[in-house]
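Source file: my_file12.txt. Holds: compact mmCIF, N, CA and C atoms.
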# COMPACT_ATOMS: atom_id res chain seq x y z
N MET B 986 -9.93 20.32 -38.30
CA MET B 986 -8.97 19.79 -37.36
C MET B 986 -7.94 18.97 -38.14
N SER B 987 -6.70 19.17 -37.80
CA SER B 987 -5.63 18.44 -38.49
C SER B 987 -5.55 17.00 -38.00
N VAL B 988 -4.85 16.20 -38.76
CA VAL B 988 -4.66 14.80 -38.39
C VAL B 988 -3.90 14.70 -37.07
N LEU B 989 -2.88 15.54 -36.89
CA LEU B 989 -2.09 15.54 -35.67
C LEU B 989 -2.96 15.91 -34.46
N GLY B 990 -3.85 16.89 -34.64
CA GLY B 990 -4.75 17.29 -33.57
C GLY B 990 -5.71 16.17 -33.18
N SER B 991 -6.23 15.45 -34.17
CA SER B 991 -7.15 14.36 -33.85
C SER B 991 -6.42 13.20 -33.17
N ILE B 992 -5.17 12.95 -33.55
CA ILE B 992 -4.40 11.90 -32.89
C ILE B 992 -4.12 12.28 -31.44
N LYS B 993 -3.76 13.54 -31.19
CA LYS B 993 -3.52 14.00 -29.82
C LYS B 993 -4.80 13.88 -28.98
N GLY B 994 -5.93 14.24 -29.57
CA GLY B 994 -7.20 14.11 -28.86
C GLY B 994 -7.52 12.67 -28.52
N PHE B 995 -7.29 11.78 -29.47
CA PHE B 995 -7.51 10.36 -29.22
C PHE B 995 -6.63 9.85 -28.09
N LEU B 996 -5.34 10.21 -28.13
CA LEU B 996 -4.40 9.75 -27.10
C LEU B 996 -4.77 10.29 -25.72
N ASN B 997 -5.20 11.56 -25.65
CA ASN B 997 -5.61 12.13 -24.36
C ASN B 997 -6.83 11.40 -23.80
N ASN B 998 -7.81 11.12 -24.65
CA ASN B 998 -9.00 10.37 -24.20
C ASN B 998 -8.62 8.96 -23.76
N TRP B 999 -7.72 8.33 -24.48
CA TRP B 999 -7.29 6.99 -24.15
C TRP B 999 -6.57 6.97 -22.80
N LYS B 1000 -5.67 7.94 -22.57
CA LYS B 1000 -4.97 8.03 -21.29
C LYS B 1000 -5.95 8.26 -20.14
N ARG B 1001 -6.91 9.13 -20.35
CA ARG B 1001 -7.91 9.42 -19.31
C ARG B 1001 -8.72 8.17 -19.01
N SER B 1002 -9.08 7.41 -20.03
CA SER B 1002 -9.84 6.18 -19.86
C SER B 1002 -9.04 5.15 -19.06
N LEU B 1003 -7.75 4.99 -19.40
CA LEU B 1003 -6.91 4.05 -18.66
C LEU B 1003 -6.75 4.46 -17.20
N THR B 1004 -6.58 5.76 -16.97
CA THR B 1004 -6.43 6.25 -15.60
C THR B 1004 -7.68 5.98 -14.79
N LEU B 1005 -8.85 6.25 -15.35
CA LEU B 1005 -10.10 6.00 -14.64
C LEU B 1005 -10.29 4.52 -14.35
N ARG B 1006 -9.93 3.66 -15.31
CA ARG B 1006 -10.05 2.21 -15.09
C ARG B 1006 -9.12 1.74 -13.98
N SER B 1007 -7.89 2.26 -13.96
CA SER B 1007 -6.94 1.83 -12.93
C SER B 1007 -7.38 2.32 -11.56
N ILE B 1008 -7.95 3.52 -11.48
CA ILE B 1008 -8.44 4.04 -10.20
C ILE B 1008 -9.61 3.19 -9.72
N ARG B 1009 -10.53 2.86 -10.61
CA ARG B 1009 -11.67 2.03 -10.23
C ARG B 1009 -11.21 0.65 -9.76
N SER B 1010 -10.26 0.04 -10.47
CA SER B 1010 -9.80 -1.29 -10.08
C SER B 1010 -9.06 -1.24 -8.75
N LYS B 1011 -8.30 -0.15 -8.51
CA LYS B 1011 -7.60 -0.02 -7.22
C LYS B 1011 -8.61 0.15 -6.09
N LYS B 1012 -9.67 0.93 -6.31
CA LYS B 1012 -10.70 1.09 -5.29
C LYS B 1012 -11.38 -0.24 -5.01
N ALA B 1013 -11.65 -1.03 -6.04
CA ALA B 1013 -12.27 -2.34 -5.86
C ALA B 1013 -11.34 -3.26 -5.09
N PHE B 1014 -10.05 -3.21 -5.40
CA PHE B 1014 -9.07 -4.03 -4.69
C PHE B 1014 -9.02 -3.65 -3.21
N ASN B 1015 -9.00 -2.34 -2.93
CA ASN B 1015 -8.97 -1.87 -1.54
C ASN B 1015 -10.23 -2.27 -0.79
N LYS B 1016 -11.39 -2.21 -1.45
CA LYS B 1016 -12.64 -2.65 -0.81
C LYS B 1016 -12.58 -4.14 -0.50
N CYS B 1017 -11.99 -4.92 -1.39
CA CYS B 1017 -11.84 -6.36 -1.16
C CYS B 1017 -10.93 -6.61 0.03
N LEU B 1018 -9.84 -5.86 0.14
CA LEU B 1018 -8.94 -6.00 1.29
C LEU B 1018 -9.67 -5.71 2.59
N ILE B 1019 -10.42 -4.61 2.62
CA ILE B 1019 -11.15 -4.21 3.83
C ILE B 1019 -12.18 -5.26 4.18
N TYR B 1020 -12.89 -5.79 3.19
CA TYR B 1020 -13.90 -6.80 3.42
C TYR B 1020 -13.29 -8.04 4.08
N ASN B 1021 -12.08 -8.38 3.70
CA ASN B 1021 -11.41 -9.56 4.25
C ASN B 1021 -10.59 -9.25 5.50
N GLY B 1022 -10.76 -8.06 6.05
CA GLY B 1022 -10.07 -7.68 7.29
C GLY B 1022 -8.61 -7.32 7.10
N LEU B 1023 -8.23 -6.94 5.89
CA LEU B 1023 -6.84 -6.59 5.60
C LEU B 1023 -6.73 -5.11 5.26
N SER B 1024 -5.54 -4.58 5.39
CA SER B 1024 -5.29 -3.19 5.02
C SER B 1024 -3.81 -3.04 4.69
N ASN B 1025 -3.48 -1.96 4.00
CA ASN B 1025 -2.09 -1.63 3.74
C ASN B 1025 -1.53 -0.94 4.98
N LEU B 1026 -0.24 -1.05 5.20
CA LEU B 1026 0.40 -0.44 6.36
C LEU B 1026 0.26 1.08 6.34
N ASN B 1027 0.29 1.69 5.16
CA ASN B 1027 0.20 3.15 5.10
C ASN B 1027 -1.18 3.67 5.50
N GLU B 1028 -2.19 2.80 5.60
CA GLU B 1028 -3.54 3.21 6.00
C GLU B 1028 -3.90 2.71 7.40
N ALA B 1029 -2.97 2.06 8.10
CA ALA B 1029 -3.26 1.47 9.40
C ALA B 1029 -3.23 2.52 10.51
N LYS B 1030 -4.11 2.33 11.48
CA LYS B 1030 -4.13 3.19 12.66
C LYS B 1030 -3.02 2.77 13.62
N VAL B 1031 -2.70 3.66 14.55
CA VAL B 1031 -1.72 3.34 15.59
C VAL B 1031 -2.25 2.19 16.43
N GLY B 1032 -1.43 1.19 16.70
CA GLY B 1032 -1.82 0.02 17.47
C GLY B 1032 -1.11 -1.22 16.97
N THR B 1033 -1.54 -2.38 17.47
CA THR B 1033 -0.90 -3.65 17.11
C THR B 1033 -1.66 -4.34 15.99
N HIS B 1034 -0.91 -4.85 15.04
CA HIS B 1034 -1.47 -5.55 13.88
C HIS B 1034 -0.67 -6.83 13.64
N ILE B 1035 -1.14 -7.64 12.72
CA ILE B 1035 -0.44 -8.86 12.32
C ILE B 1035 0.01 -8.70 10.87
N PHE B 1036 1.29 -8.97 10.62
CA PHE B 1036 1.83 -8.90 9.26
C PHE B 1036 1.33 -10.10 8.46
N VAL B 1037 0.80 -9.83 7.26
CA VAL B 1037 0.27 -10.89 6.40
C VAL B 1037 1.22 -11.18 5.25
N GLY B 1038 1.64 -10.15 4.54
CA GLY B 1038 2.50 -10.36 3.38
C GLY B 1038 2.79 -9.05 2.67
N THR B 1039 3.42 -9.16 1.51
CA THR B 1039 3.77 -7.98 0.72
C THR B 1039 3.25 -8.10 -0.70
N LEU B 1040 3.08 -6.96 -1.31
CA LEU B 1040 2.69 -6.87 -2.73
C LEU B 1040 3.80 -6.12 -3.46
N CYS B 1041 4.96 -6.74 -3.56
CA CYS B 1041 6.10 -6.03 -4.14
C CYS B 1041 7.04 -7.02 -4.83
N ASP B 1042 8.13 -6.49 -5.34
CA ASP B 1042 9.11 -7.34 -6.02
C ASP B 1042 9.92 -8.15 -5.00
N GLU B 1043 10.66 -9.11 -5.51
CA GLU B 1043 11.40 -10.03 -4.66
C GLU B 1043 12.48 -9.33 -3.84
N LYS B 1044 13.11 -8.31 -4.40
CA LYS B 1044 14.19 -7.60 -3.71
C LYS B 1044 13.68 -6.90 -2.46
N LEU B 1045 12.57 -6.18 -2.57
CA LEU B 1045 11.99 -5.49 -1.42
C LEU B 1045 11.44 -6.49 -0.41
N ALA B 1046 10.82 -7.56 -0.88
CA ALA B 1046 10.29 -8.59 0.02
C ALA B 1046 11.42 -9.21 0.85
N HIS B 1047 12.56 -9.46 0.23
CA HIS B 1047 13.70 -10.02 0.94
C HIS B 1047 14.24 -9.02 1.98
N ARG B 1048 14.28 -7.76 1.59
CA ARG B 1048 14.74 -6.71 2.51
C ARG B 1048 13.84 -6.59 3.73
N LEU B 1049 12.52 -6.65 3.50
CA LEU B 1049 11.57 -6.60 4.61
C LEU B 1049 11.69 -7.83 5.50
N LEU B 1050 11.91 -8.98 4.90
CA LEU B 1050 12.10 -10.21 5.66
C LEU B 1050 13.30 -10.10 6.59
N GLU B 1051 14.39 -9.53 6.08
CA GLU B 1051 15.58 -9.34 6.89
C GLU B 1051 15.35 -8.38 8.05
N MET B 1052 14.41 -7.44 7.90
CA MET B 1052 14.09 -6.49 8.97
C MET B 1052 13.15 -7.08 10.01
N GLY B 1053 12.61 -8.28 9.74
CA GLY B 1053 11.74 -8.92 10.72
C GLY B 1053 10.29 -9.04 10.31
N PHE B 1054 9.96 -8.64 9.10
CA PHE B 1054 8.59 -8.75 8.62
C PHE B 1054 8.35 -10.18 8.12
N VAL B 1055 7.99 -11.06 9.03
CA VAL B 1055 7.69 -12.45 8.68
C VAL B 1055 6.19 -12.67 8.89
N PRO B 1056 5.57 -13.57 8.13
CA PRO B 1056 4.13 -13.80 8.27
C PRO B 1056 3.72 -14.13 9.70
N GLU B 1057 2.59 -13.58 10.09
CA GLU B 1057 1.99 -13.76 11.42
C GLU B 1057 2.78 -13.08 12.54
N GLU B 1058 3.73 -12.21 12.20
CA GLU B 1058 4.49 -11.46 13.20
C GLU B 1058 3.69 -10.24 13.64
N LYS B 1059 3.71 -9.95 14.96
CA LYS B 1059 3.02 -8.77 15.48
C LYS B 1059 3.83 -7.52 15.14
N ILE B 1060 3.12 -6.51 14.66
CA ILE B 1060 3.72 -5.24 14.31
C ILE B 1060 2.98 -4.15 15.05
N ALA B 1061 3.70 -3.30 15.76
CA ALA B 1061 3.08 -2.17 16.45
C ALA B 1061 3.31 -0.91 15.61
N VAL B 1062 2.22 -0.29 15.17
CA VAL B 1062 2.32 0.97 14.45
C VAL B 1062 2.42 2.06 15.50
N LEU B 1063 3.56 2.75 15.55
CA LEU B 1063 3.79 3.80 16.54
C LEU B 1063 3.34 5.16 16.05
N ALA B 1064 3.54 5.44 14.77
CA ALA B 1064 3.13 6.72 14.19
C ALA B 1064 2.86 6.52 12.71
N ASN B 1065 1.82 7.19 12.24
CA ASN B 1065 1.47 7.12 10.82
C ASN B 1065 1.09 8.53 10.39
N SER B 1066 1.92 9.12 9.55
CA SER B 1066 1.67 10.49 9.12
C SER B 1066 0.79 10.57 7.88
N GLY B 1067 0.11 9.50 7.55
CA GLY B 1067 -0.84 9.53 6.44
C GLY B 1067 -0.23 9.09 5.13
N ARG B 1068 -0.96 9.33 4.07
CA ARG B 1068 -0.56 8.84 2.76
C ARG B 1068 0.64 9.57 2.16
N SER B 1069 0.98 10.74 2.69
CA SER B 1069 2.09 11.49 2.09
C SER B 1069 3.37 11.42 2.90
N GLY B 1070 3.35 10.84 4.10
CA GLY B 1070 4.53 10.82 4.95
C GLY B 1070 5.09 9.44 5.15
N SER B 1071 5.62 9.23 6.35
CA SER B 1071 6.22 7.94 6.66
C SER B 1071 5.46 7.25 7.79
N VAL B 1072 5.79 5.98 7.99
CA VAL B 1072 5.16 5.17 9.03
C VAL B 1072 6.28 4.64 9.92
N ILE B 1073 6.11 4.76 11.24
CA ILE B 1073 7.07 4.22 12.18
C ILE B 1073 6.44 3.01 12.84
N VAL B 1074 7.12 1.87 12.74
CA VAL B 1074 6.60 0.62 13.30
C VAL B 1074 7.64 0.01 14.24
N LYS B 1075 7.15 -0.89 15.09
CA LYS B 1075 8.04 -1.64 15.97
C LYS B 1075 7.86 -3.12 15.64
N VAL B 1076 8.96 -3.75 15.18
CA VAL B 1076 8.94 -5.15 14.80
C VAL B 1076 10.05 -5.86 15.58
N LYS B 1077 9.66 -6.86 16.37
CA LYS B 1077 10.62 -7.64 17.16
C LYS B 1077 11.52 -6.73 18.00
N GLY B 1078 10.94 -5.69 18.58
CA GLY B 1078 11.68 -4.79 19.46
C GLY B 1078 12.46 -3.69 18.78
N ALA B 1079 12.50 -3.68 17.48
CA ALA B 1079 13.25 -2.66 16.73
C ALA B 1079 12.28 -1.66 16.10
N LYS B 1080 12.57 -0.37 16.26
CA LYS B 1080 11.76 0.67 15.62
C LYS B 1080 12.28 0.89 14.21
N ILE B 1081 11.35 0.88 13.26
CA ILE B 1081 11.71 1.02 11.85
C ILE B 1081 10.82 2.09 11.22
N ALA B 1082 11.43 3.03 10.52
CA ALA B 1082 10.69 4.05 9.77
C ALA B 1082 10.64 3.62 8.31
N LEU B 1083 9.43 3.59 7.76
CA LEU B 1083 9.25 3.19 6.36
C LEU B 1083 8.60 4.32 5.59
N SER B 1084 9.03 4.50 4.37
CA SER B 1084 8.40 5.50 3.51
C SER B 1084 6.99 5.03 3.14
N ASN B 1085 6.17 5.96 2.74
CA ASN B 1085 4.82 5.63 2.33
C ASN B 1085 4.83 4.70 1.12
N LYS B 1086 5.81 4.87 0.25
CA LYS B 1086 5.92 4.03 -0.95
C LYS B 1086 6.12 2.56 -0.58
N ILE B 1087 6.93 2.30 0.45
CA ILE B 1087 7.15 0.92 0.91
C ILE B 1087 5.96 0.44 1.72
N ALA B 1088 5.42 1.31 2.59
CA ALA B 1088 4.33 0.92 3.49
C ALA B 1088 3.07 0.49 2.74
N LYS B 1089 2.84 1.07 1.57
CA LYS B 1089 1.62 0.69 0.84
C LYS B 1089 1.70 -0.71 0.25
N ASN B 1090 2.90 -1.31 0.25
CA ASN B 1090 3.08 -2.67 -0.26
C ASN B 1090 2.96 -3.74 0.82
N ILE B 1091 2.74 -3.33 2.07
CA ILE B 1091 2.69 -4.27 3.19
C ILE B 1091 1.26 -4.47 3.63
N LEU B 1092 0.82 -5.73 3.67
CA LEU B 1092 -0.55 -6.07 4.07
C LEU B 1092 -0.59 -6.49 5.53
N LEU B 1093 -1.60 -5.97 6.24
CA LEU B 1093 -1.78 -6.26 7.65
C LEU B 1093 -3.20 -6.75 7.91
N LYS B 1094 -3.37 -7.46 9.02
CA LYS B 1094 -4.71 -7.75 9.50
C LYS B 1094 -4.71 -7.43 10.99
N GLY B 1095 -5.87 -7.09 11.51
CA GLY B 1095 -5.95 -6.77 12.92
C GLY B 1095 -7.18 -5.98 13.26
N LYS B 1096 -7.36 -5.68 14.54
CA LYS B 1096 -8.55 -4.99 15.01
C LYS B 1096 -8.46 -3.49 14.84
N ASN B 1097 -7.25 -2.93 14.71
CA ASN B 1097 -7.08 -1.50 14.67
C ASN B 1097 -7.01 -0.93 13.26
N LEU B 1098 -7.53 -1.63 12.29
CA LEU B 1098 -7.46 -1.15 10.91
C LEU B 1098 -8.56 -0.14 10.64
N GLN B 1099 -8.26 0.79 9.73
CA GLN B 1099 -9.26 1.80 9.38
C GLN B 1099 -10.36 1.20 8.56

Would it be possible to restate this file's structure as structure tokens?
Amino acid sequence: MSVLGSIKGFLNNWKRSLTLRSIRSKKAFNKCLIYNGLSNLNEAKVGTHIFVGTLCDEKLAHRLLEMGFVPEEKIAVLANSGRSGSVIVKVKGAKIALSNKIAKNILLKGKNLQ
């Protein structure tokens, strides 16, 4: 085996190891959220929930705040097309469609969580 081949093999194993670790840590984080009665918006069932906060950068957090996503605000999930689609919510009387990428950064608590 050439030196280049062994380096490529090492890098592939290293990438696979990092991916498995990040998946395990994400699963542990999601279990912790569920244990504490929280969930991401992209995993929420249709119904009323309470907005808790965001896990995103300041720019997106400010944008969500301007749309009415303030702590302890009631949010009605009208439609959720799953992890690959969009989520339609009602906040302060306004219907808002959010991409799955944005919805996964929003934390909710409530009785209708999966």

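Comparing B:Val1074, B:Leu1083, B:Met1052, B:Ala1064 by their smallest distance to Val1031 (chain B), the closest is B:Ala1064 (using only N, CA and C atoms).
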
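Residues with any atom within 10 Å of Asn1027 (chain B), counting only C-alpha atoms and excluding same-chain neighbours fewer than 2 positions away, are Ser1024, Asn1025, Ala1029, Lys1030, Val1062, Asn1065, Ser1066, Gly1067, Arg1068, Ser1069, Gly1070, Ser1071, Val1072, Ile1073, Leu1083, Ser1084, Asn1085, Lys1086, Ile1087, Ala1088, Lys1089, Asn1090, Ile1091, Leu1092 and Leu1093 of chain B.
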
Quiz prompt | Separation of atom N of Lys1077 (chain B) from CA of Leu1049 (chain B), in Å and rounded to one decimal | solution = 11.9 Å

Quiz item: What are the DSSP strand (DSSP E or B) residues of region 1012-1074 of chain B, as a VMD selection string?
Solution: chain B and resid 1023 to 1025 1032 to 1039 1059 to 1065 1071 to 1074

Exercise. Starting from the point (0.3, -8.8, 14.0), work out which residues of protein, DNA or RNA have an atom no more than 6.5 Å away when counting all atoms listed in the file; state them as a VMD selection string.
Key: chain B and resid 1033 to 1036 1057 to 1060 1094

Self-check item: Coordinates-based distance that separates atom C of Gly1078 (chain B) from atom N of Asp1042 (chain B) (Å, one decimal)
Solution: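 The value is 24.7 Å.
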
Self-check item: Two-atom distance - atom C of Gly1032 (chain B), atom N of Ala1061 (chain B) (Å)
Solution: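 Separation between atom C of Gly1032 (chain B) and atom N of Ala1061 (chain B): 5.4 Å.
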
Quiz prompt | Which of B:Leu1063, B:Pro1056, B:Val1076, B:Gly1095 sits closest to Gly1038 (chain B) [using only C-alpha atoms] | solution = B:Pro1056
